[in-house]
$ cat query.cif   # mmCIF, C-alpha atoms
data_query
#
loop_
_atom_site.group_PDB
_atom_site.id
_atom_site.type_symbol
_atom_site.label_atom_id
_atom_site.label_comp_id
_atom_site.auth_asym_id
_atom_site.auth_seq_id
_atom_site.Cartn_x
_atom_site.Cartn_y
_atom_site.Cartn_z
ATOM 1 C CA MET A 18 -24.264 -0.420 -1.251
ATOM 2 C CA ARG A 19 -21.278 1.181 0.426
ATOM 3 C CA ALA A 20 -20.543 2.816 3.789
ATOM 4 C CA PHE A 21 -17.607 5.091 4.578
ATOM 5 C CA ILE A 22 -16.463 4.655 8.191
ATOM 6 C CA PHE A 23 -14.105 6.700 10.345
ATOM 7 C CA PRO A 24 -11.870 5.511 13.230
ATOM 8 C CA GLY A 25 -11.809 6.788 16.785
ATOM 9 C CA GLN A 26 -9.269 7.476 19.491
ATOM 10 C CA GLY A 27 -6.390 5.050 19.669
ATOM 11 C CA SER A 28 -5.773 5.102 15.912
ATOM 12 C CA GLN A 29 -3.305 8.009 16.167
ATOM 13 C CA SER A 30 0.406 7.486 15.525
ATOM 14 C CA VAL A 31 3.399 9.725 14.998
ATOM 15 C CA GLY A 32 3.883 10.264 11.274
ATOM 16 C CA MET A 33 0.184 10.264 10.475
ATOM 17 C CA GLY A 34 -0.758 12.520 7.589
ATOM 18 C CA ALA A 35 2.809 13.461 6.662
ATOM 19 C CA ALA A 36 3.140 11.349 3.528
ATOM 20 C CA LEU A 37 -0.342 12.322 2.376
ATOM 21 C CA ALA A 38 0.439 16.007 2.839
ATOM 22 C CA GLY A 39 3.635 15.576 0.868
ATOM 23 C CA ALA A 40 1.868 13.862 -2.005
ATOM 24 C CA SER A 41 -1.472 15.697 -2.135
ATOM 25 C CA ARG A 42 -2.228 19.396 -2.194
ATOM 26 C CA GLU A 43 -5.774 18.645 -1.042
ATOM 27 C CA ALA A 44 -4.525 16.725 1.989
ATOM 28 C CA ARG A 45 -2.035 19.475 2.800
ATOM 29 C CA SER A 46 -4.807 22.072 2.655
ATOM 30 C CA VAL A 47 -6.851 20.107 5.193
ATOM 31 C CA LEU A 48 -3.998 20.062 7.690
ATOM 32 C CA GLU A 49 -3.273 23.753 7.132
ATOM 33 C CA GLU A 50 -6.921 24.679 7.690
ATOM 34 C CA VAL A 51 -7.067 22.639 10.910
ATOM 35 C CA ASP A 52 -3.868 24.302 12.154
ATOM 36 C CA GLU A 53 -5.369 27.715 11.472
ATOM 37 C CA ALA A 54 -8.668 26.830 13.166
ATOM 38 C CA LEU A 55 -6.928 25.591 16.319
ATOM 39 C CA GLY A 56 -4.122 28.122 16.437
ATOM 40 C CA GLN A 57 -1.529 25.373 16.831
ATOM 41 C CA SER A 58 0.777 23.340 14.612
ATOM 42 C CA LEU A 59 -1.156 20.103 14.913
ATOM 43 C CA ALA A 60 0.207 18.923 11.566
ATOM 44 C CA ARG A 61 3.768 19.120 12.892
ATOM 45 C CA LEU A 62 2.750 17.242 16.048
ATOM 46 C CA MET A 63 1.107 14.564 13.896
ATOM 47 C CA ALA A 64 4.198 14.257 11.728
ATOM 48 C CA GLU A 65 6.950 14.505 14.327
ATOM 49 C CA GLY A 66 5.436 13.846 17.754
ATOM 50 C CA PRO A 67 6.290 13.475 20.568
ATOM 51 C CA ALA A 68 3.884 10.564 20.931
ATOM 52 C CA GLU A 69 2.945 11.535 24.497
ATOM 53 C CA GLU A 70 1.691 14.922 23.328
ATOM 54 C CA LEU A 71 -0.119 13.517 20.302
ATOM 55 C CA THR A 72 -1.873 10.976 22.530
ATOM 56 C CA LEU A 73 -3.345 13.708 24.753
ATOM 57 C CA THR A 74 -7.090 13.561 24.180
ATOM 58 C CA GLU A 75 -7.368 17.199 23.129
ATOM 59 C CA ASN A 76 -4.757 16.619 20.394
ATOM 60 C CA ALA A 77 -5.569 13.053 19.357
ATOM 61 C CA GLN A 78 -9.220 13.775 18.603
ATOM 62 C CA PRO A 79 -8.754 16.615 16.064
ATOM 63 C CA ALA A 80 -5.647 14.874 14.670
ATOM 64 C CA ILE A 81 -7.505 11.660 13.874
ATOM 65 C CA MET A 82 -10.297 13.651 12.241
ATOM 66 C CA ALA A 83 -7.848 15.765 10.213
ATOM 67 C CA ASN A 84 -6.063 12.661 8.966
ATOM 68 C CA ALA A 85 -9.329 11.004 7.917
ATOM 69 C CA ILE A 86 -10.621 14.069 6.079
ATOM 70 C CA ALA A 87 -7.220 14.588 4.426
ATOM 71 C CA THR A 88 -7.436 10.999 3.193
ATOM 72 C CA LEU A 89 -10.917 11.540 1.800
ATOM 73 C CA ARG A 90 -10.038 14.788 0.042
ATOM 74 C CA ALA A 91 -6.830 13.382 -1.375
ATOM 75 C CA SER A 92 -8.940 10.697 -3.027
ATOM 76 C CA GLY A 93 -11.150 13.215 -4.804
ATOM 77 C CA ILE A 94 -14.126 10.929 -4.107
ATOM 78 C CA ASP A 95 -17.555 12.540 -4.057
ATOM 79 C CA LEU A 96 -19.132 11.051 -0.937
ATOM 80 C CA GLN A 97 -22.666 11.625 -2.162
ATOM 81 C CA ASP A 98 -21.878 9.757 -5.377
ATOM 82 C CA LYS A 99 -19.987 6.810 -3.868
ATOM 83 C CA ALA A 100 -21.428 6.272 -0.359
ATOM 84 C CA ASP A 101 -24.858 5.264 0.883
ATOM 85 C CA PHE A 102 -24.089 5.768 4.591
ATOM 86 C CA VAL A 103 -21.395 7.142 6.856
ATOM 87 C CA ALA A 104 -20.521 6.162 10.414
ATOM 88 C CA GLY A 105 -17.705 6.789 12.863
ATOM 89 C CA HIS A 106 -16.485 5.207 16.066
ATOM 90 C CA SER A 107 -16.872 7.700 18.926
ATOM 91 C CA LEU A 108 -14.973 10.846 17.812
ATOM 92 C CA GLY A 109 -15.047 9.331 14.319
ATOM 93 C CA GLU A 110 -18.687 10.345 14.208
ATOM 94 C CA TYR A 111 -17.491 13.948 13.905
ATOM 95 C CA SER A 112 -15.205 12.945 11.029
ATOM 96 C CA ALA A 113 -18.182 11.293 9.337
ATOM 97 C CA LEU A 114 -20.286 14.410 9.788
ATOM 98 C CA CYS A 115 -17.512 16.629 8.454
ATOM 99 C CA ALA A 116 -17.157 14.338 5.439
ATOM 100 C CA GLY A 117 -20.905 14.578 4.892
ATOM 101 C CA GLY A 118 -20.942 18.369 5.145
ATOM 102 C CA THR A 119 -22.882 18.687 8.415
ATOM 103 C CA PHE A 120 -19.974 20.640 9.918
ATOM 104 C CA ASP A 121 -17.283 22.521 8.023
ATOM 105 C CA LEU A 122 -13.697 21.458 8.677
ATOM 106 C CA ALA A 123 -12.724 24.327 10.974
ATOM 107 C CA THR A 124 -15.845 23.887 13.093
ATOM 108 C CA THR A 125 -15.209 20.139 13.396
ATOM 109 C CA ALA A 126 -11.637 20.739 14.553
ATOM 110 C CA ARG A 127 -12.722 23.247 17.193
ATOM 111 C CA LEU A 128 -15.544 20.998 18.424
ATOM 112 C CA LEU A 129 -13.142 18.080 18.845
ATOM 113 C CA LYS A 130 -10.614 20.249 20.672
ATOM 114 C CA THR A 131 -13.395 21.257 23.055
ATOM 115 C CA ARG A 132 -14.601 17.668 23.342
ATOM 116 C CA GLY A 133 -11.129 16.360 24.111
ATOM 117 C CA ARG A 134 -10.488 18.964 26.794
ATOM 118 C CA ALA A 135 -13.910 18.481 28.358
ATOM 119 C CA MET A 136 -13.598 14.699 28.463
ATOM 120 C CA GLN A 137 -10.152 14.925 30.054
ATOM 121 C CA ALA A 138 -11.339 17.423 32.665
ATOM 122 C CA ALA A 139 -14.556 15.589 33.562
ATOM 123 C CA VAL A 140 -12.904 13.118 35.935
ATOM 124 C CA PRO A 141 -9.734 13.717 37.989
ATOM 125 C CA VAL A 142 -6.784 11.644 36.795
ATOM 126 C CA GLY A 143 -6.647 8.345 38.659
ATOM 127 C CA GLU A 144 -10.331 8.170 39.561
ATOM 128 C CA GLY A 145 -11.544 6.489 36.373
ATOM 129 C CA ALA A 146 -10.401 3.668 34.116
ATOM 130 C CA MET A 147 -11.342 1.609 31.081
ATOM 131 C CA ALA A 148 -10.715 -2.034 30.264
ATOM 132 C CA ALA A 149 -11.075 -4.290 27.242
ATOM 133 C CA LEU A 150 -12.797 -7.649 27.599
ATOM 134 C CA LEU A 151 -11.678 -9.961 24.797
ATOM 135 C CA GLY A 152 -13.638 -13.064 23.991
ATOM 136 C CA ALA A 153 -16.678 -11.401 25.542
ATOM 137 C CA ASP A 154 -19.972 -10.309 24.017
ATOM 138 C CA LEU A 155 -22.364 -7.595 25.179
ATOM 139 C CA ALA A 156 -24.367 -9.880 27.466
ATOM 140 C CA LEU A 157 -21.244 -11.061 29.265
ATOM 141 C CA GLY A 158 -19.926 -7.519 29.510
ATOM 142 C CA GLN A 159 -23.145 -6.345 31.112
ATOM 143 C CA ARG A 160 -23.085 -9.198 33.643
ATOM 144 C CA VAL A 161 -19.490 -8.358 34.533
ATOM 145 C CA CYS A 162 -20.346 -4.684 35.041
ATOM 146 C CA GLU A 163 -23.342 -5.476 37.234
ATOM 147 C CA ALA A 164 -21.232 -7.726 39.445
ATOM 148 C CA ALA A 165 -18.297 -5.322 39.660
ATOM 149 C CA ALA A 166 -20.124 -2.019 40.240
ATOM 150 C CA GLN A 167 -20.858 -2.394 43.977
ATOM 151 C CA GLY A 168 -22.330 1.085 44.123
ATOM 152 C CA GLU A 169 -19.798 2.642 41.749
ATOM 153 C CA VAL A 170 -20.006 3.325 38.010
ATOM 154 C CA CYS A 171 -19.078 0.346 35.843
ATOM 155 C CA THR A 172 -20.716 0.121 32.435
ATOM 156 C CA VAL A 173 -20.201 -1.069 28.873
ATOM 157 C CA ALA A 174 -18.664 1.821 26.933
ATOM 158 C CA ASN A 175 -18.050 0.190 23.537
ATOM 159 C CA ASP A 176 -19.785 -2.822 22.029
ATOM 160 C CA ASN A 177 -17.150 -3.167 19.316
ATOM 161 C CA ASP A 178 -17.816 -6.591 17.815
ATOM 162 C CA PRO A 179 -19.057 -10.033 18.906
ATOM 163 C CA SER A 180 -15.806 -10.742 20.758
ATOM 164 C CA GLN A 181 -14.655 -7.327 22.031
ATOM 165 C CA ILE A 182 -16.241 -5.183 24.729
ATOM 166 C CA VAL A 183 -14.803 -2.092 26.435
ATOM 167 C CA ILE A 184 -15.999 -1.138 29.917
ATOM 168 C CA SER A 185 -15.637 2.189 31.701
ATOM 169 C CA GLY A 186 -16.172 3.699 35.144
ATOM 170 C CA HIS A 187 -14.597 4.196 38.558
ATOM 171 C CA LYS A 188 -11.096 2.746 38.729
ATOM 172 C CA ALA A 189 -11.791 0.401 41.635
ATOM 173 C CA ALA A 190 -14.879 -1.006 39.911
ATOM 174 C CA ILE A 191 -12.998 -1.569 36.659
ATOM 175 C CA GLU A 192 -10.204 -3.331 38.542
ATOM 176 C CA ARG A 193 -12.782 -5.603 40.182
ATOM 177 C CA ALA A 194 -14.265 -6.262 36.755
ATOM 178 C CA LEU A 195 -10.957 -7.611 35.423
ATOM 179 C CA GLU A 196 -11.002 -10.577 37.783
ATOM 180 C CA ILE A 197 -14.764 -11.092 37.509
ATOM 181 C CA ALA A 198 -14.552 -11.118 33.702
ATOM 182 C CA ARG A 199 -11.973 -13.879 33.751
ATOM 183 C CA GLU A 200 -14.075 -15.877 36.199
ATOM 184 C CA MET A 201 -17.124 -15.457 33.968
ATOM 185 C CA GLY A 202 -15.326 -16.736 30.872
ATOM 186 C CA ALA A 203 -13.700 -13.800 29.078
ATOM 187 C CA LYS A 204 -10.510 -14.880 27.302
ATOM 188 C CA ARG A 205 -8.620 -11.758 28.373
ATOM 189 C CA ALA A 206 -9.354 -8.663 30.444
ATOM 190 C CA LEU A 207 -6.889 -5.806 30.460
ATOM 191 C CA LEU A 208 -6.752 -2.189 31.521
ATOM 192 C CA LEU A 209 -6.475 0.309 28.671
ATOM 193 C CA PRO A 210 -3.850 3.087 28.659
ATOM 194 C CA VAL A 211 -6.360 5.944 28.675
ATOM 195 C CA SER A 212 -6.465 9.041 30.829
ATOM 196 C CA ALA A 213 -10.212 9.171 31.482
ATOM 197 C CA PRO A 214 -13.262 6.851 31.608
ATOM 198 C CA PHE A 215 -15.002 7.670 28.326
ATOM 199 C CA HIS A 216 -18.593 6.791 27.407
ATOM 200 C CA CYS A 217 -19.942 6.351 30.908
ATOM 201 C CA PRO A 218 -22.046 8.493 33.283
ATOM 202 C CA LEU A 219 -18.889 10.014 34.804
ATOM 203 C CA MET A 220 -18.575 12.010 31.564
ATOM 204 C CA LYS A 221 -21.697 14.077 32.343
ATOM 205 C CA PRO A 222 -19.675 17.343 32.747
ATOM 206 C CA ALA A 223 -18.211 16.783 29.270
ATOM 207 C CA ALA A 224 -21.674 16.113 27.842
ATOM 208 C CA ASP A 225 -22.844 19.423 29.287
ATOM 209 C CA ALA A 226 -19.850 21.191 27.721
ATOM 210 C CA MET A 227 -20.632 19.664 24.335
ATOM 211 C CA ALA A 228 -24.297 20.630 24.595
ATOM 212 C CA GLU A 229 -23.189 24.225 25.035
ATOM 213 C CA ALA A 230 -20.615 24.028 22.230
ATOM 214 C CA LEU A 231 -22.979 22.378 19.756
ATOM 215 C CA ALA A 232 -25.800 24.799 20.488
ATOM 216 C CA GLY A 233 -23.841 27.594 18.881
ATOM 217 C CA VAL A 234 -22.739 25.991 15.602
ATOM 218 C CA ALA A 235 -24.410 25.836 12.215
ATOM 219 C CA MET A 236 -25.327 22.339 11.022
ATOM 220 C CA LYS A 237 -26.584 20.997 7.705
ATOM 221 C CA PRO A 238 -28.196 17.630 6.962
ATOM 222 C CA PRO A 239 -25.433 15.166 6.014
ATOM 223 C CA ALA A 240 -25.019 14.426 2.319
ATOM 224 C CA VAL A 241 -25.622 10.748 3.164
ATOM 225 C CA SER A 242 -27.310 9.353 6.248
ATOM 226 C CA LEU A 243 -25.255 8.880 9.410
ATOM 227 C CA TYR A 244 -25.559 5.671 11.437
ATOM 228 C CA ALA A 245 -25.384 7.143 14.950
ATOM 229 C CA ASN A 246 -23.332 5.524 17.705
ATOM 230 C CA VAL A 247 -25.987 5.656 20.393
ATOM 231 C CA THR A 248 -28.946 4.445 18.316
ATOM 232 C CA ALA A 249 -27.226 2.213 15.707
ATOM 233 C CA SER A 250 -29.712 3.624 13.197
ATOM 234 C CA PRO A 251 -29.625 6.223 10.407
ATOM 235 C CA VAL A 252 -30.267 9.885 11.082
ATOM 236 C CA ASP A 253 -30.397 12.976 8.872
ATOM 237 C CA SER A 254 -31.930 15.726 11.018
ATOM 238 C CA PRO A 255 -29.369 18.270 12.316
ATOM 239 C CA ASP A 256 -31.377 18.791 15.509
ATOM 240 C CA THR A 257 -31.431 15.061 16.204
ATOM 241 C CA ILE A 258 -27.745 14.715 15.352
ATOM 242 C CA ARG A 259 -26.941 17.508 17.821
ATOM 243 C CA GLU A 260 -28.848 15.692 20.586
ATOM 244 C CA LEU A 261 -27.199 12.365 19.796
ATOM 245 C CA LEU A 262 -23.697 13.863 19.832
ATOM 246 C CA VAL A 263 -24.344 15.095 23.369
ATOM 247 C CA GLU A 264 -25.773 11.722 24.424
ATOM 248 C CA GLN A 265 -22.792 9.984 22.830
ATOM 249 C CA VAL A 266 -20.375 11.415 25.412
ATOM 250 C CA THR A 267 -21.902 9.358 28.220
ATOM 251 C CA GLY A 268 -23.604 6.672 26.115
ATOM 252 C CA ARG A 269 -22.482 3.331 24.752
ATOM 253 C CA VAL A 270 -20.852 3.173 21.322
ATOM 254 C CA ARG A 271 -23.056 0.603 19.607
ATOM 255 C CA TRP A 272 -20.576 -0.208 16.860
ATOM 256 C CA ARG A 273 -21.431 -3.901 16.482
ATOM 257 C CA GLU A 274 -25.108 -3.097 16.020
ATOM 258 C CA SER A 275 -24.359 -0.197 13.676
ATOM 259 C CA VAL A 276 -22.314 -2.367 11.313
ATOM 260 C CA ALA A 277 -24.803 -5.235 11.514
ATOM 261 C CA ASN A 278 -27.680 -2.873 10.755
ATOM 262 C CA MET A 279 -25.849 -1.324 7.796
ATOM 263 C CA ALA A 280 -25.158 -4.808 6.440
ATOM 264 C CA ALA A 281 -28.816 -5.708 6.923
ATOM 265 C CA ALA A 282 -29.761 -2.541 5.028
ATOM 266 C CA GLY A 283 -27.724 -3.773 2.052
ATOM 267 C CA VAL A 284 -24.193 -2.472 2.619
ATOM 268 C CA THR A 285 -21.679 -4.891 1.107
ATOM 269 C CA HIS A 286 -18.560 -2.689 1.142
ATOM 270 C CA PHE A 287 -17.136 -0.741 4.089
ATOM 271 C CA VAL A 288 -14.398 1.835 3.444
ATOM 272 C CA GLU A 289 -12.347 2.879 6.491
ATOM 273 C CA LEU A 290 -10.639 6.226 5.940
ATOM 274 C CA GLY A 291 -7.481 7.089 7.862
ATOM 275 C CA GLY A 292 -7.022 3.884 9.826
ATOM 276 C CA LYS A 293 -6.962 0.098 9.959
ATOM 277 C CA VAL A 294 -8.766 -0.336 13.271
ATOM 278 C CA LEU A 295 -12.413 -0.697 12.282
ATOM 279 C CA GLY A 296 -11.878 -3.052 9.346
ATOM 280 C CA PRO A 297 -11.114 -6.140 11.461
ATOM 281 C CA MET A 298 -14.159 -5.395 13.633
ATOM 282 C CA VAL A 299 -16.342 -5.145 10.535
ATOM 283 C CA LYS A 300 -15.127 -8.538 9.314
ATOM 284 C CA ARG A 301 -16.035 -10.131 12.645
ATOM 285 C CA ILE A 302 -19.509 -8.548 12.516
ATOM 286 C CA ALA A 303 -20.284 -8.964 8.804
ATOM 287 C CA PRO A 304 -17.908 -11.648 7.483
ATOM 288 C CA ASP A 305 -19.284 -11.515 3.947
ATOM 289 C CA ALA A 306 -18.750 -7.762 3.555
ATOM 290 C CA GLY A 307 -15.831 -6.301 1.664
ATOM 291 C CA VAL A 308 -13.540 -3.979 3.630
ATOM 292 C CA SER A 309 -11.064 -1.389 2.356
ATOM 293 C CA SER A 310 -8.766 0.307 4.886
ATOM 294 C CA VAL A 311 -7.337 3.452 3.315
ATOM 295 C CA ILE A 312 -4.245 5.191 4.707
ATOM 296 C CA THR A 313 -1.614 5.679 1.994
ATOM 297 C CA MET A 314 -1.705 7.169 -1.482
ATOM 298 C CA ASP A 315 -1.404 3.619 -2.830
ATOM 299 C CA ASP A 316 -4.503 2.688 -0.813
ATOM 300 C CA ILE A 317 -6.292 5.723 -2.229
ATOM 301 C CA ASP A 318 -5.337 4.827 -5.799
ATOM 302 C CA ALA A 319 -6.583 1.263 -5.296
ATOM 303 C CA LEU A 320 -9.874 2.510 -3.831
ATOM 304 C CA VAL A 321 -10.496 4.951 -6.659
ATOM 305 C CA LYS A 322 -9.979 2.168 -9.207
ATOM 306 C CA GLU A 323 -12.217 -0.182 -7.220
ATOM 307 C CA ILE A 324 -15.215 2.093 -6.906
#

$ encode --input "query.cif" --output "structure tokens"
Amino acid sequence: MRAFIFPGQGSQSVGMGAALAGASREARSVLEEVDEALGQSLARLMAEGPAEELTLTENAQPAIMANAIATLRASGIDLQDKADFVAGHSLGEYSALCAGGTFDLATTARLLKTRGRAMQAAVPVGEGAMAALLGADLALGQRVCEAAAQGEVCTVANDNDPSQIVISGHKAAIERALEIAREMGAKRALLLPVSAPFHCPLMKPAADAMAEALAGVAMKPPAVSLYANVTASPVDSPDTIRELLVEQVTGRVRWRESVANMAAAGVTHFVELGGKVLGPMVKRIAPDAGVSSVITMDDIDALVKEI
């Protein structure tokens, strides 16, 4: 069995999508359609930068999705024929749903633009923060957050793999957590260069904005089941997917559990489209699984031959 997986924020880089667009008419069409949907030249920003503008949440989120879908369409792979499940890390869940036909491409781009803006606006700059705890599992991360909160928000945002946790909340609480994590045995604890505290209760205004945005869009059942971030289990119902996408904004990304559960369900091959971020996590979660990280046309050609 095979799962196609889609990366989240942080996987963007200047130059992304440019070579694909030059080599593939299908990839170029994806970028053109996203540009038209957003009324901006996102493809040029992806190709040329500047990096500071590409990294802005409202640009990075649709850009990462556009790059992933361009990669998929350049491959010519029929998802329903070659995949048993899809999953995505945070915003990558939207890429997965676009790939599976739940949302059309233009709708996905507009939803992610809205999501990025809403998440950035939810908390004033400087009031929130995120940190990575390396050499820490979920149990340790939760203990660190409980000790550091002291009446403020401090919670596990991403359970990425058995040795990598991301925490999110009020800046002062996250700063306290850095020292506490080291004292409790984490190998490293470092602040992340992000502009807002994602996947924590402080994102409630953004969750409300996404509830409103999602209420007005047409949704179809995905061509293959989606392993949802907040439940780490498969889902097919559009109504349930809509609810989970809203919950996802404030909820924990249960990536470790999602991959482990897919492996337990029989998945032996994970294909990451548009990045090389999730593959190493997958190998730490399911060491026996095969992983293909697909970015270039050469990667695409190798994947097509393999499957």

$ atom_distance --input "query.cif" --atom1 "CA of Met314 in chain A" --atom2 "CA of Ala38 in chain A"
10.1 Å

$ atom_distance --input "query.cif" --atom1 "CA of Ala148 in chain A" --atom2 "CA of Pro179 in chain A"
16.2 Å

$ atom_distance --input "query.cif" --atom1 "CA of Ala230 in chain A" --atom2 "CA of Val263 in chain A"
9.7 Å

$ residues_around --input "query.cif" --residues "range 99-113 of chain A" --least-positions-apart "6" --cutoff "8 Å" --atoms "all atoms listed in the file" --output "mmCIF file with C-alpha atoms, in the coordinates of the input"
data_model
loop_
_atom_site.group_PDB
_atom_site.id
_atom_site.type_symbol
_atom_site.label_atom_id
_atom_site.label_comp_id
_atom_site.auth_asym_id
_atom_site.auth_seq_id
_atom_site.Cartn_x
_atom_site.Cartn_y
_atom_site.Cartn_z
ATOM 1 C CA MET A 18 -24.264 -0.420 -1.251
ATOM 2 C CA ARG A 19 -21.278 1.181 0.426
ATOM 3 C CA ALA A 20 -20.543 2.816 3.789
ATOM 4 C CA PHE A 21 -17.607 5.091 4.578
ATOM 5 C CA ILE A 22 -16.463 4.655 8.191
ATOM 6 C CA PHE A 23 -14.105 6.700 10.345
ATOM 7 C CA PRO A 24 -11.870 5.511 13.230
ATOM 8 C CA GLY A 25 -11.809 6.788 16.785
ATOM 9 C CA GLN A 26 -9.269 7.476 19.491
ATOM 10 C CA GLN A 78 -9.220 13.775 18.603
ATOM 11 C CA ILE A 81 -7.505 11.660 13.874
ATOM 12 C CA MET A 82 -10.297 13.651 12.241
ATOM 13 C CA ALA A 83 -7.848 15.765 10.213
ATOM 14 C CA ALA A 85 -9.329 11.004 7.917
ATOM 15 C CA ILE A 86 -10.621 14.069 6.079
ATOM 16 C CA THR A 125 -15.209 20.139 13.396
ATOM 17 C CA LEU A 129 -13.142 18.080 18.845
ATOM 18 C CA VAL A 241 -25.622 10.748 3.164
ATOM 19 C CA SER A 242 -27.310 9.353 6.248
ATOM 20 C CA LEU A 243 -25.255 8.880 9.410
ATOM 21 C CA TYR A 244 -25.559 5.671 11.437
ATOM 22 C CA ALA A 245 -25.384 7.143 14.950
ATOM 23 C CA ASN A 246 -23.332 5.524 17.705
ATOM 24 C CA GLN A 265 -22.792 9.984 22.830
ATOM 25 C CA VAL A 270 -20.852 3.173 21.322
ATOM 26 C CA TRP A 272 -20.576 -0.208 16.860
ATOM 27 C CA MET A 279 -25.849 -1.324 7.796
ATOM 28 C CA VAL A 284 -24.193 -2.472 2.619
ATOM 29 C CA ILE A 324 -15.215 2.093 -6.906
#

$ residues_around --input "query.cif" --residues "Gly118 in chain A" --least-positions-apart "5" --cutoff "9 Å" --atoms "only C-alpha atoms" --output "list in words"
Ala113, Met236, Lys237, Pro238, Pro239 and Ala240 of chain A

$ build_atoms --input "query.cif" --residues "range 189-208 of chain A" --atoms "N, CA and C atoms" --output "short mmCIF file (atom, residue, chain, number, x, y, z; two decimals), in the coordinates of the input"
data_model
loop_
_atom_site.label_atom_id
_atom_site.label_comp_id
_atom_site.auth_asym_id
_atom_site.auth_seq_id
_atom_site.Cartn_x
_atom_site.Cartn_y
_atom_site.Cartn_z
N ALA A 189 -11.68 1.58 40.78
CA ALA A 189 -11.79 0.40 41.64
C ALA A 189 -12.78 -0.61 41.06
N ALA A 190 -13.89 -0.11 40.50
CA ALA A 190 -14.88 -1.01 39.91
C ALA A 190 -14.33 -1.71 38.67
N ILE A 191 -13.58 -0.97 37.86
CA ILE A 191 -13.00 -1.57 36.66
C ILE A 191 -11.95 -2.61 37.05
N GLU A 192 -11.19 -2.34 38.08
CA GLU A 192 -10.20 -3.33 38.54
C GLU A 192 -10.90 -4.59 39.05
N ARG A 193 -12.02 -4.43 39.76
CA ARG A 193 -12.78 -5.60 40.18
C ARG A 193 -13.30 -6.37 38.97
N ALA A 194 -13.69 -5.63 37.94
CA ALA A 194 -14.26 -6.26 36.76
C ALA A 194 -13.25 -7.15 36.03
N LEU A 195 -11.97 -6.82 36.11
CA LEU A 195 -10.96 -7.61 35.42
C LEU A 195 -10.99 -9.06 35.91
N GLU A 196 -11.00 -9.23 37.22
CA GLU A 196 -11.00 -10.58 37.78
C GLU A 196 -12.34 -11.27 37.54
N ILE A 197 -13.43 -10.52 37.71
CA ILE A 197 -14.76 -11.09 37.51
C ILE A 197 -14.94 -11.56 36.06
N ALA A 198 -14.42 -10.76 35.12
CA ALA A 198 -14.55 -11.12 33.70
C ALA A 198 -13.87 -12.44 33.41
N ARG A 199 -12.69 -12.62 33.96
CA ARG A 199 -11.97 -13.88 33.75
C ARG A 199 -12.76 -15.05 34.35
N GLU A 200 -13.30 -14.82 35.54
CA GLU A 200 -14.08 -15.88 36.20
C GLU A 200 -15.33 -16.23 35.41
N MET A 201 -15.89 -15.23 34.72
CA MET A 201 -17.12 -15.46 33.97
C MET A 201 -16.87 -15.98 32.55
N GLY A 202 -15.60 -16.11 32.15
CA GLY A 202 -15.33 -16.74 30.87
C GLY A 202 -14.71 -15.88 29.80
N ALA A 203 -14.40 -14.62 30.07
CA ALA A 203 -13.70 -13.80 29.08
C ALA A 203 -12.30 -14.37 28.85
N LYS A 204 -11.84 -14.35 27.60
CA LYS A 204 -10.51 -14.88 27.30
C LYS A 204 -9.42 -14.01 27.91
N ARG A 205 -9.59 -12.69 27.80
CA ARG A 205 -8.62 -11.76 28.37
C ARG A 205 -9.36 -10.54 28.89
N ALA A 206 -8.81 -9.91 29.92
CA ALA A 206 -9.35 -8.66 30.44
C ALA A 206 -8.17 -7.79 30.82
N LEU A 207 -8.06 -6.63 30.22
CA LEU A 207 -6.89 -5.81 30.46
C LEU A 207 -7.25 -4.33 30.53
N LEU A 208 -6.58 -3.63 31.43
CA LEU A 208 -6.75 -2.19 31.52
C LEU A 208 -6.24 -1.52 30.25
#
